[in-house]
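K.L.:
This structure is in structure tokens; I'll ask about it shortly.
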Amino acid sequence: MGRRERGQVIGLDIGTHSIKLVQLSRNKKKWELINLGIMPLKPEAILNNTIVNADSIISAIKNLVDMEKIEIKDTVLSVSGPSVLIKKIKLPFMTEEEIAETVSWEAEQYLPVDIEDIHLDFQVLEKGAFMSDEEGAEFEVLLVAVTREKVEDYTNMVLEAGLNPAIVDVDAFALENSCELNYDTEEAGLLALVDIGASLTKVHLLKDGRTVFAKDVPVGGNLYTKEIEKELGASFEGAEAMKMGEEREGFSKKSVSDIMARTTETIREEIQNALDLFRKENKEDVSKMLLSGGCSLIKGIDQYFSEKLNIPVELSNPFKKIYINEKIFDREYIEEMASLAAVGVGLAMRRLDN
């Protein structure tokens, strides 16, 4: 659309089910939506968090860029899944160089590859942590590690599609950025950001506006589809449609409803397990949950989670504080897309000069 600014990028969220593209502009601290698009992927292009059909993904990226008439090449993408480690650890007083050595050892314990094959970073969560060497002093460090293979797999696809993979982020932090733009995270207590994608559910906890826990749970919307296919003998396309509430001739509405209910409970249990893990270590309960991802569009899932988890649950709106020009975008379409765009918005907020 021809609007450019210094350091501007496109956010590209490569999911299991689809690719989401978001472009934002910022002027005087006000964000505006410039481009928003989604391109479905072929079934099983990505399977069990592993790229199976890279060519089809590259083609989908190219088609999406052409469809949205994107001129910018610099791209922010993100990764998630078992090849990504986000862990908060407590350390005694030490220098920054000693921290780097310690977190390298920690990363090797959780990711089954040599340290040379890991991209590693960390952030000290307490200000002034290097300022005190008093006996018994401790501070918290957030460790982030990603296998080089995972990063290269995704950046290579973006390069093949004719774009420049300028920044590689992590889904959890993109969700955090999107949330911090649209919600008052520092006043929300312990806030859970839960994004239910096709193959992964991301559980990310914020306290006082900072990350305190992140976990990728290996269940998502594909589980609904597989259960409907298996139990009712439906095609993939039919199962996908029925998952989203469409009635199909020859299939009992009650049978589909029963499968949906059981599967929702399975996902709810996995989310509960992640929250219990945090509670066990920190003795603290979540005060509110923001729900995003494709499965947040399933009718009534937010109310069900709220009742079963006994906390307020709200559908996340990543465009809540972003200006939408209704001469360009259809408001109803934006509202339908909102739950799918949380990660993409967080990625599009990044800037090359910051």
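Ordered as shown in the structure tokens, chains take letters A, B, and onward, while each chain numbers its residues from 1 and ligands are numbered from 1 in the order shown.
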Set the distance at 6 Å and use only C-alpha atoms: which residues neighbour segment 212-216 of chain A once local chain neighbours fewer than 2 positions away are removed? I'd like the list as an MDAnalysis selection string.

P.N.:
chainID A and resid 81 201:206

K.L.:
Can you tell me, as a ChimeraX atom specification, what residues are no more than 12 Å from Cys295 of chain A when counting only C-alpha atoms, ignoring any on the same chain fewer than 2 positions away?

P.N.:
/A:17,194-201,219-225,240,243-245,260,263-264,267-268,291-293,297-302,315,337,339-340

K.L.:
Quick one: write out the picked residues with N, CA and C atoms as a CSV table (one decimal), in the first residue's frame?

P.N.:
chain,number,residue,atom,x,y,z
A,17,HIS,N,-1.6,-24.8,10.4
A,17,HIS,CA,-2.8,-24.8,9.6
A,17,HIS,C,-2.8,-23.7,8.5
A,194,VAL,N,-3.1,-17.7,26.5
A,194,VAL,CA,-3.2,-19.1,26.0
A,194,VAL,C,-3.6,-19.0,24.5
A,195,ASP,N,-2.8,-19.5,23.7
A,195,ASP,CA,-3.0,-19.5,22.2
A,195,ASP,C,-3.1,-20.9,21.8
A,196,ILE,N,-4.3,-21.3,21.3
A,196,ILE,CA,-4.6,-22.7,20.9
A,196,ILE,C,-4.5,-22.7,19.4
A,197,GLY,N,-3.4,-23.2,18.9
A,197,GLY,CA,-3.2,-23.4,17.5
A,197,GLY,C,-3.6,-24.7,17.0
A,198,ALA,N,-3.1,-25.1,15.8
A,198,ALA,CA,-3.5,-26.4,15.2
A,198,ALA,C,-2.9,-27.6,15.9
A,199,SER,N,-1.6,-27.4,16.2
A,199,SER,CA,-0.9,-28.6,16.8
A,199,SER,C,-0.3,-28.3,18.2
A,200,LEU,N,-0.2,-27.0,18.6
A,200,LEU,CA,0.3,-26.6,19.8
A,200,LEU,C,-0.6,-25.6,20.6
A,201,THR,N,-0.6,-25.7,21.9
A,201,THR,CA,-1.2,-24.7,22.7
A,201,THR,C,-0.1,-24.0,23.5
A,219,VAL,N,-0.9,-30.2,22.1
A,219,VAL,CA,-2.3,-30.5,21.6
A,219,VAL,C,-2.9,-29.2,21.1
A,220,GLY,N,-3.8,-29.3,20.1
A,220,GLY,CA,-4.4,-28.2,19.5
A,220,GLY,C,-5.6,-28.6,18.7
A,221,GLY,N,-6.0,-27.7,17.7
A,221,GLY,CA,-7.2,-27.9,16.9
A,221,GLY,C,-7.2,-29.1,16.1
A,222,ASN,N,-6.0,-29.6,15.7
A,222,ASN,CA,-6.0,-30.8,14.9
A,222,ASN,C,-6.6,-32.0,15.6
A,223,LEU,N,-6.5,-32.0,16.9
A,223,LEU,CA,-7.1,-33.1,17.7
A,223,LEU,C,-8.6,-33.2,17.5
A,224,TYR,N,-9.3,-32.1,17.4
A,224,TYR,CA,-10.7,-32.1,17.1
A,224,TYR,C,-11.0,-32.8,15.7
A,225,THR,N,-10.2,-32.4,14.7
A,225,THR,CA,-10.4,-32.9,13.4
A,225,THR,C,-10.1,-34.4,13.3
A,240,GLU,N,-13.0,-30.7,9.4
A,240,GLU,CA,-12.7,-29.3,9.7
A,240,GLU,C,-13.9,-28.4,9.8
A,243,LYS,N,-16.0,-29.2,12.9
A,243,LYS,CA,-15.3,-28.6,14.1
A,243,LYS,C,-15.7,-27.2,14.3
A,244,MET,N,-15.9,-26.4,13.3
A,244,MET,CA,-16.2,-25.0,13.4
A,244,MET,C,-17.7,-24.8,13.4
A,245,GLY,N,-18.5,-25.8,13.6
A,245,GLY,CA,-19.9,-25.7,13.8
A,245,GLY,C,-20.8,-25.9,12.6
A,260,MET,N,-16.6,-33.0,20.3
A,260,MET,CA,-16.1,-31.6,20.5
A,260,MET,C,-15.9,-31.4,22.0
A,263,THR,N,-13.0,-33.5,23.5
A,263,THR,CA,-11.7,-32.9,23.0
A,263,THR,C,-11.4,-31.6,23.7
A,264,THR,N,-12.4,-30.8,23.9
A,264,THR,CA,-12.2,-29.5,24.6
A,264,THR,C,-11.7,-29.8,26.0
A,267,ILE,N,-8.0,-30.7,26.0
A,267,ILE,CA,-7.1,-29.5,25.9
A,267,ILE,C,-7.2,-28.7,27.2
A,268,ARG,N,-8.3,-28.6,27.8
A,268,ARG,CA,-8.5,-27.9,29.1
A,268,ARG,C,-7.6,-28.5,30.2
A,291,LEU,N,-7.5,-15.6,25.7
A,291,LEU,CA,-7.5,-16.8,24.8
A,291,LEU,C,-7.4,-16.3,23.4
A,292,SER,N,-6.5,-17.0,22.6
A,292,SER,CA,-6.3,-16.6,21.2
A,292,SER,C,-6.1,-17.9,20.4
A,293,GLY,N,-5.8,-17.8,19.1
A,293,GLY,CA,-5.6,-19.0,18.3
A,293,GLY,C,-6.8,-19.4,17.6
A,297,LEU,N,-12.0,-19.6,18.3
A,297,LEU,CA,-13.3,-19.4,17.6
A,297,LEU,C,-14.3,-20.4,17.8
A,298,ILE,N,-14.0,-21.5,18.4
A,298,ILE,CA,-15.0,-22.6,18.7
A,298,ILE,C,-16.0,-22.0,19.7
A,299,LYS,N,-17.3,-22.1,19.3
A,299,LYS,CA,-18.3,-21.5,20.1
A,299,LYS,C,-18.4,-22.0,21.5
A,300,GLY,N,-18.3,-21.1,22.5
A,300,GLY,CA,-18.5,-21.4,23.9
A,300,GLY,C,-17.2,-21.9,24.6
A,301,ILE,N,-16.1,-21.9,23.9
A,301,ILE,CA,-14.9,-22.5,24.5
A,301,ILE,C,-14.4,-21.6,25.6
A,302,ASP,N,-14.5,-20.3,25.5
A,302,ASP,CA,-14.1,-19.3,26.5
A,302,ASP,C,-14.9,-19.5,27.8
A,315,LEU,N,-11.7,-13.6,25.2
A,315,LEU,CA,-11.1,-13.7,23.9
A,315,LEU,C,-10.2,-12.5,23.7
A,337,MET,N,-10.9,-12.3,12.3
A,337,MET,CA,-9.5,-12.6,12.2
A,337,MET,C,-8.7,-12.4,13.5
A,339,SER,N,-8.6,-13.3,16.6
A,339,SER,CA,-8.1,-14.4,17.4
A,339,SER,C,-6.9,-15.1,16.7
A,340,LEU,N,-6.9,-15.1,15.4
A,340,LEU,CA,-5.8,-15.7,14.6
A,340,LEU,C,-4.6,-14.9,14.5

K.L.:
So which residues touch Ile57 of chain A within 10 Å, counting only C-alpha atoms, skipping near sequence neighbours fewer than 4 positions away, as a PyMOL selection string?

P.N.:
chain A and resi 14-16+18-19+39-42+45-46+51-53+61-63+154+157-158+161

K.L.:
Segment 160-279 of chain A near segment 24-32 of chain A within 12 Å: what's each residue's closest atom pair and its distance in Å to one decimal, counting only C-alpha atoms, ordered by chain then ascending residue number, as CSV?

P.N.:
residue,atom,partner,partner_atom,distance
A:Ser178,CA,A:Trp31,CA,11.5
A:Leu181,CA,A:Trp31,CA,9.3
A:Asn182,CA,A:Trp31,CA,10.6

K.L.:
Taking the DSSP secondary structure from the backbone, can you list the residues of segment 70-201 of chain A that are helix (DSSP H, G or I), as an MDAnalysis selection string?

P.N.:
chainID A and resid 96:110 115:117 129:131 148:160 171:182 185:187

K.L.:
Fewer than 5 positions away in the same chain doesn't count, so skip those; otherwise give me all residues within 8 Å of Ala338 of chain A, counting only C-alpha atoms, as a list of chain:residue names.

P.N.:
A:Ser316, A:Asn317, A:Pro318, A:Phe319

K.L.:
Between atom CA of Arg351 of chain A and atom CA of Leu12 of chain A, what distance in Å does the model show, to one decimal?

P.N.:
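According to the coordinates, atom CA of Arg351 of chain A and atom CA of Leu12 of chain A are separated by 13.6 Å.
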
K.L.:
So how many Å separate atom CA of Val343 of chain A and atom CA of Leu36 of chain A, to one decimal?

P.N.:
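That distance, rounded to one decimal, is 12.4 Å.
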
K.L.:
Would you please give, as a list in words, all residues of segment 171-282 of chain A that DSSP assigns to strand (DSSP E) based on the backbone?

P.N.:
Leu190, Leu191, Ala192, Leu193, Val194, Asp195, Ile196, Thr201, Lys202, Val203, His204, Leu205, Leu206, Lys207, Arg210, Thr211, Val212, Phe213, Ala214, Lys215, Asp216 and Val217 of chain A

K.L.:
Nearest to Val79 of chain A among A:Asp153, A:Asp285, A:Glu138, A:Glu108, with distances taken over only C-alpha atoms: which residue is it?

P.N.:
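Checking each candidate against Val79 of chain A, we get A:Asp153 as the closest.
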
K.L.:
Asp117 of chain A: which residues within 9 Å, counting only C-alpha atoms, same-chain residues fewer than 4 positions away excluded, as number ranges by chain?

P.N.:
A: 113, 146-149

K.L.:
Need to verify the contact set: Ala145 of chain A, 9 Å, only C-alpha atoms, exclusion of same-chain residues closer than 6 positions in sequence. Can you return it as a VMD selection string?

P.N.:
chain A and resid 83 to 87 104 107 111 118 to 122

K.L.:
Restrict the selected residues to C-alpha atoms and save them as a PDB file, in the first residue's frame.

P.N.:
ATOM      1  CA  SER A  83      12.919 -27.187  19.840  1.00  0.00           C
ATOM      2  CA  VAL A  84      12.358 -24.027  21.897  1.00  0.00           C
ATOM      3  CA  LEU A  85      13.208 -23.689  25.586  1.00  0.00           C
ATOM      4  CA  ILE A  86      11.969 -20.844  27.796  1.00  0.00           C
ATOM      5  CA  LYS A  87      12.871 -21.343  31.419  1.00  0.00           C
ATOM      6  CA  SER A 104      24.550 -22.811  28.428  1.00  0.00           C
ATOM      7  CA  ALA A 107      20.089 -25.385  27.903  1.00  0.00           C
ATOM      8  CA  LEU A 111      17.490 -29.588  24.492  1.00  0.00           C
ATOM      9  CA  ILE A 118      21.727 -23.912  19.986  1.00  0.00           C
ATOM     10  CA  HIS A 119      20.904 -20.218  19.685  1.00  0.00           C
ATOM     11  CA  LEU A 120      20.993 -18.975  23.262  1.00  0.00           C
ATOM     12  CA  ASP A 121      19.990 -15.784  25.025  1.00  0.00           C
ATOM     13  CA  PHE A 122      19.046 -14.724  28.539  1.00  0.00           C
TER      14      PHE A 122
END

K.L.:
Which one of A:Phe173, A:Phe278, A:Tyr304, A:Phe329 sits closest to Lys88 of chain A if you count only C-alpha atoms?

P.N.:
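Distance minimum relative to Lys88 of chain A lands on A:Phe278.
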
K.L.:
A:Ile89, A:Val141, A:Ala54, A:Ala192: which is nearest Glu160 of chain A, counting only C-alpha atoms?

P.N.:
A:Ala54

K.L.:
Which value, in Å to one decimal, gives the distance between atom CA of Leu21 of chain A and atom CA of Gly7 of chain A?

P.N.:
17.1 Å
